[in-house]
Amino acid sequence: MNRTRVVILGAGIVGAACARELSLAGFDVVVVDRGRPAGGTTSHGEGNILVSDKGPGAELELAKLSKVLWPQAVAEIADEDARAASAIEYDPKGGIVVATTDDGARALAAFAASQSGVRAEPLSAKEVADAEPALTREVTAAFHYPEDAQVQPAGAALALLGSALRHGARLRSDTEVVGASVHKGRITGVRVPGEVIEADVVVNAAGPWAGEVSARLGAPIAIRPRRGEVLVTTPMPGVIRHKVYDADYVGAVGADSSELQTSAVVESTWGGTVLIGSSRRRVDFDDTIRPEVLSAIAVKALRLFPALADVAVMRAYGGFRPYVDDHLPVLGEDPRLGNLWHATGHEGAGIGLSVGTARLLRELLTGTEPAMPVGEFTVARPAVLAGAAA
């Protein structure tokens with residue numbers, strides 16, 4: 001059995017998925033988090049597992065890998081603990097992307113055509129109305145993505161972590177990493193208050209805090225927080241049947257501006273509440289809920305679903321996503337500090353991409369041929385290293 005000790009920094013969904021994969025492969029895994037599992041970014045997302053919002057390239061290939069691995073992981077966890085698997089709330093309900101202008105329709109059709117290997121089915125006006133009766137009739141184009149799915153993000157992360165613990169991983173919560181132990185250019189452990197946790201490999205999976213953590217370890221990477229907000233309605237079961245969003249969402253995700261970007265993203269949960277997003281803005285780690293942001297989200301959602309106008313909003317929440325200037329995840333060994341690996345930078349796609357990221361990490365650490373090319377995720381690229389110390 002491989003008893004290489006891997007210390008994973010971060011008990012969000014990416015860290016939890018990595019812990020599970022590496023534990024299954026026989027690594028001696030320790031997960032370290034300054035708070036509690038799923039207590040940061042993971043618990044402040046929508047739980048999306050999407051292929052619909054990703055254009056051609058490495059991120060789409062990672063999404064395709066992940067959407068295959070998710071139901072497998074759920075089934076395997078169900079064999080271990082049916083209750084934990086149920087808490088994942090895995091729902092392969094599919095997504096519908098709509099345009100409401102002629103220009104938007106042309107752009108959406110071109111985008112769907114560019115997504116090699118993704119099922120994107122054009123819908124007629126009648127098919128749209130049948131699929132989502134509450135949706136506006138002012139739709140100029142719509143595509144159904146049957147491969148899109150959703151999970152309850154905190155439940156999914158805890159289920160993945162629980163599986164890792166059953167396979168021998170250990171958890172150190174409420175433990176702040178303050179530095180690194182380094183010998184001859186290689187990391188040999190992480191310093192926490194009062195001790196050093198020794199490691200053969202350290203994986204930085206700290207999400208939007210990965211930049212701060214990497215700086216403490218002596219190898220800073222340019223991961224910055226990008227904030228998003230979500231509105232939650234009172235239960236209205238059956239009204240929203242798929243994940244539905246306007247075509248502007250893809251542009252908002254890929255925008256480089258630090259200014260507020262909003263688009264309509266509407267979906268229901270197993271409990272019947274409706275999640276309404278989304279926003280993107282760079283405000284460092286300011287966690288203030290701003291009414292004007294929530295208002296902008298609501299206005300766009302009402303254009304898609306006018307019936308939401310009289311629905312009560314139960315609460316609102318926001319969270320930080322790990323942002324990289326070139327909008328690609330970061331996965332690989334740090335070129336400046338041996339045995340330090342990074343698995344972060346997924347921005348708002350971390351829930352969906354977590355299991356694929358973990359599989360690739362396992363393959364890379366065991367010397368197995370990766371399931372897909374990983375060169376575009378390298379730590380050595382300019383967007384990750386340039387300005388990292390800023």
# chains A, B, ... in the order shown; residues from 1 in each chain; ligands from 1
>>> closest_atom_pairs(of="segment 242-294 of chain A", to="segment 202-225 of chain A", cutoff="7 Å", atoms="only C-alpha atoms", output="Markdown table")
| residue | atom | partner | partner_atom | distance |
| --- | --- | --- | --- | --- |
| A:Arg282 | CA | A:Pro225 | CA | 6.6 |
| A:Asp284 | CA | A:Pro225 | CA | 5.8 |
| A:Phe285 | CA | A:Pro225 | CA | 6.6 |
>>> closest_atom_pairs(of="segment 307-376 of chain A", to="segment 153-177 of chain A", cutoff="10 Å", atoms="only C-alpha atoms", output="Markdown table")
| residue | atom | partner | partner_atom | distance |
| --- | --- | --- | --- | --- |
| A:Gly350 | CA | A:Pro153 | CA | 9.9 |
| A:Ile351 | CA | A:Pro153 | CA | 6.7 |
| A:Gly352 | CA | A:Pro153 | CA | 9.4 |
| A:Ser354 | CA | A:Ala157 | CA | 9.5 |
| A:Val355 | CA | A:Leu160 | CA | 9.3 |
>>> select_by_dssp(residues="segment 92-315 of chain A", states="strand (DSSP E)", output="JSON, numbers by chain")
{"A": [95, 96, 97, 98, 99, 121, 122, 141, 142, 143, 144, 145, 149, 150, 170, 171, 172, 179, 180, 181, 182, 183, 186, 187, 188, 189, 190, 191, 192, 195, 196, 197, 198, 201, 202, 203, 204, 224, 225, 226, 227, 228, 229, 230, 231, 232, 233, 243, 244, 245, 246, 261, 262, 263, 264, 265, 266, 267, 268, 274, 275, 276, 277, 278, 279, 280, 313, 314, 315]}
>>> closest_residue(among="A:Pro237, A:Gly15, A:Gly271, A:Pro56", to="Ser114 of chain A", atoms="only C-alpha atoms")
A:Pro56
>>> residues_around(residues="Glu369 of chain A", least_positions_apart="6", cutoff="12 Å", atoms="only C-alpha atoms", output="list in words")
Arg359, Leu360, Leu361, Arg362 and Glu363 of chain A
>>> write_last_selection(atoms="N, CA and C atoms", output="mmCIF file, in the first residue's frame")
data_model
loop_
_atom_site.group_PDB
_atom_site.id
_atom_site.type_symbol
_atom_site.label_atom_id
_atom_site.label_comp_id
_atom_site.auth_asym_id
_atom_site.auth_seq_id
_atom_site.Cartn_x
_atom_site.Cartn_y
_atom_site.Cartn_z
ATOM 1 N N ARG A 359 -9.666 13.294 -9.524
ATOM 2 C CA ARG A 359 -9.213 12.133 -10.294
ATOM 3 C C ARG A 359 -7.894 12.439 -11.005
ATOM 4 N N LEU A 360 -7.789 13.624 -11.590
ATOM 5 C CA LEU A 360 -6.545 13.994 -12.268
ATOM 6 C C LEU A 360 -5.392 14.086 -11.283
ATOM 7 N N LEU A 361 -5.647 14.637 -10.108
ATOM 8 C CA LEU A 361 -4.592 14.724 -9.095
ATOM 9 C C LEU A 361 -4.111 13.330 -8.704
ATOM 10 N N ARG A 362 -5.041 12.443 -8.507
ATOM 11 C CA ARG A 362 -4.672 11.059 -8.164
ATOM 12 C C ARG A 362 -3.818 10.439 -9.256
ATOM 13 N N GLU A 363 -4.224 10.641 -10.491
ATOM 14 C CA GLU A 363 -3.469 10.070 -11.613
ATOM 15 C C GLU A 363 -2.066 10.668 -11.698
#
>>> atom_distance(atom1="atom CA of Ala105 of chain A", atom2="atom CA of Gly55 of chain A")
16.2 Å
>>> atom_distance(atom1="atom CA of Arg336 of chain A", atom2="atom CA of Gly367 of chain A")
20.5 Å
>>> closest_residue(among="A:Val266, A:Leu22, A:Ala63, A:Ala316", to="Asp148 of chain A", atoms="only C-alpha atoms")
A:Ala63
>>> closest_residue(among="A:Gly39, A:Pro329, A:Gly238, A:Gly338", to="Ser181 of chain A", atoms="only C-alpha atoms")
A:Gly338
>>> residues_around(residues="His144 of chain A", least_positions_apart="5", cutoff="8 Å", atoms="only C-alpha atoms", output="VMD selection string")
chain A and resid 94 to 97 120 to 123
>>> write_last_selection(atoms="N, CA and C atoms", output="mmCIF file, in the first residue's frame")
data_model
loop_
_atom_site.group_PDB
_atom_site.id
_atom_site.type_symbol
_atom_site.label_atom_id
_atom_site.label_comp_id
_atom_site.auth_asym_id
_atom_site.auth_seq_id
_atom_site.Cartn_x
_atom_site.Cartn_y
_atom_site.Cartn_z
ATOM 1 N N GLY A 94 -30.938 18.337 -15.772
ATOM 2 C CA GLY A 94 -30.691 19.024 -17.038
ATOM 3 C C GLY A 94 -30.843 20.526 -16.916
ATOM 4 N N GLY A 95 -30.330 21.219 -17.901
ATOM 5 C CA GLY A 95 -30.402 22.674 -17.923
ATOM 6 C C GLY A 95 -30.982 23.186 -19.224
ATOM 7 N N ILE A 96 -31.548 24.374 -19.157
ATOM 8 C CA ILE A 96 -32.058 25.052 -20.353
ATOM 9 C C ILE A 96 -31.447 26.446 -20.403
ATOM 10 N N VAL A 97 -30.803 26.746 -21.508
ATOM 11 C CA VAL A 97 -30.203 28.060 -21.715
ATOM 12 C C VAL A 97 -31.051 28.790 -22.744
ATOM 13 N N ALA A 120 -26.457 19.220 -26.784
ATOM 14 C CA ALA A 120 -27.146 20.505 -26.750
ATOM 15 C C ALA A 120 -28.280 20.433 -27.759
ATOM 16 N N GLU A 121 -29.506 20.390 -27.270
ATOM 17 C CA GLU A 121 -30.665 20.121 -28.124
ATOM 18 C C GLU A 121 -31.505 21.382 -28.286
ATOM 19 N N PRO A 122 -31.622 21.903 -29.504
ATOM 20 C CA PRO A 122 -32.450 23.096 -29.698
ATOM 21 C C PRO A 122 -33.916 22.800 -29.390
ATOM 22 N N LEU A 123 -34.591 23.760 -28.791
ATOM 23 C CA LEU A 123 -35.991 23.606 -28.426
ATOM 24 C C LEU A 123 -36.857 24.588 -29.209
#
>>> closest_residue(among="A:Ala358, A:Ala87, A:Leu275, A:Ala388", to="Ile13 of chain A", atoms="only C-alpha atoms")
A:Ala358
>>> residues_around(residues="segment 295-310 of chain A", least_positions_apart="5", cutoff="10 Å", atoms="only C-alpha atoms", output="tab-separated table (two decimals) with C-alpha atoms, in the first residue's frame")
chain	number	residue	atom	x	y	z
A	98	VAL	CA	-32.32	30.76	-23.32
A	99	ALA	CA	-31.85	33.92	-25.34
A	100	THR	CA	-34.38	36.73	-25.50
A	132	GLU	CA	-40.84	25.36	-18.30
A	133	PRO	CA	-44.45	26.66	-18.24
A	134	ALA	CA	-43.57	29.64	-16.03
A	135	LEU	CA	-40.79	30.86	-18.34
A	136	THR	CA	-41.33	34.03	-20.35
A	137	ARG	CA	-42.63	33.53	-23.88
A	138	GLU	CA	-40.21	36.17	-25.17
A	139	VAL	CA	-37.60	33.54	-25.98
A	229	GLU	CA	-24.76	36.36	-4.38
A	230	VAL	CA	-27.87	34.18	-4.44
A	231	LEU	CA	-31.49	34.81	-3.47
A	233	THR	CA	-37.37	31.94	-2.20
A	236	MET	CA	-42.62	26.54	-4.58
A	239	VAL	CA	-42.60	25.67	-10.65
A	240	ILE	CA	-38.99	25.60	-11.91
A	244	VAL	CA	-32.60	27.81	-16.44
A	245	TYR	CA	-30.33	30.70	-17.28
A	246	ASP	CA	-30.01	33.37	-19.90
A	260	LEU	CA	-20.56	44.02	-11.12
A	261	GLN	CA	-21.69	41.42	-13.66
A	262	THR	CA	-25.17	39.91	-13.35
A	263	SER	CA	-27.26	37.41	-15.26
A	264	ALA	CA	-30.38	35.38	-14.63
A	265	VAL	CA	-29.83	31.88	-13.22
A	266	VAL	CA	-32.90	30.19	-11.75
A	274	VAL	CA	-35.80	28.41	-5.74
A	276	ILE	CA	-31.90	32.92	-7.97
A	277	GLY	CA	-28.53	34.20	-9.15
A	278	SER	CA	-26.14	35.26	-10.22
A	279	SER	CA	-23.61	38.01	-9.68
A	290	ARG	CA	-25.53	44.75	-0.83
>>> closest_residue(among="A:Val374, A:Val283, A:Val31, A:Leu353", to="Trp70 of chain A", atoms="only C-alpha atoms")
A:Leu353
>>> select_by_dssp(residues="segment 62-146 of chain A", states="alpha helix (DSSP H)", output="count of residues only")
46
>>> closest_residue(among="A:Lys93, A:Lys54, A:Arg83, A:Lys64", to="Ala112 of chain A", atoms="only C-alpha atoms")
A:Lys54
>>> residues_around(residues="Val201 of chain A", least_positions_apart="4", cutoff="12 Å", atoms="only C-alpha atoms", output="ChimeraX atom specification")
/A:3-9,22,27-31,180-182,186-190,197,332-334,337-342,361,365
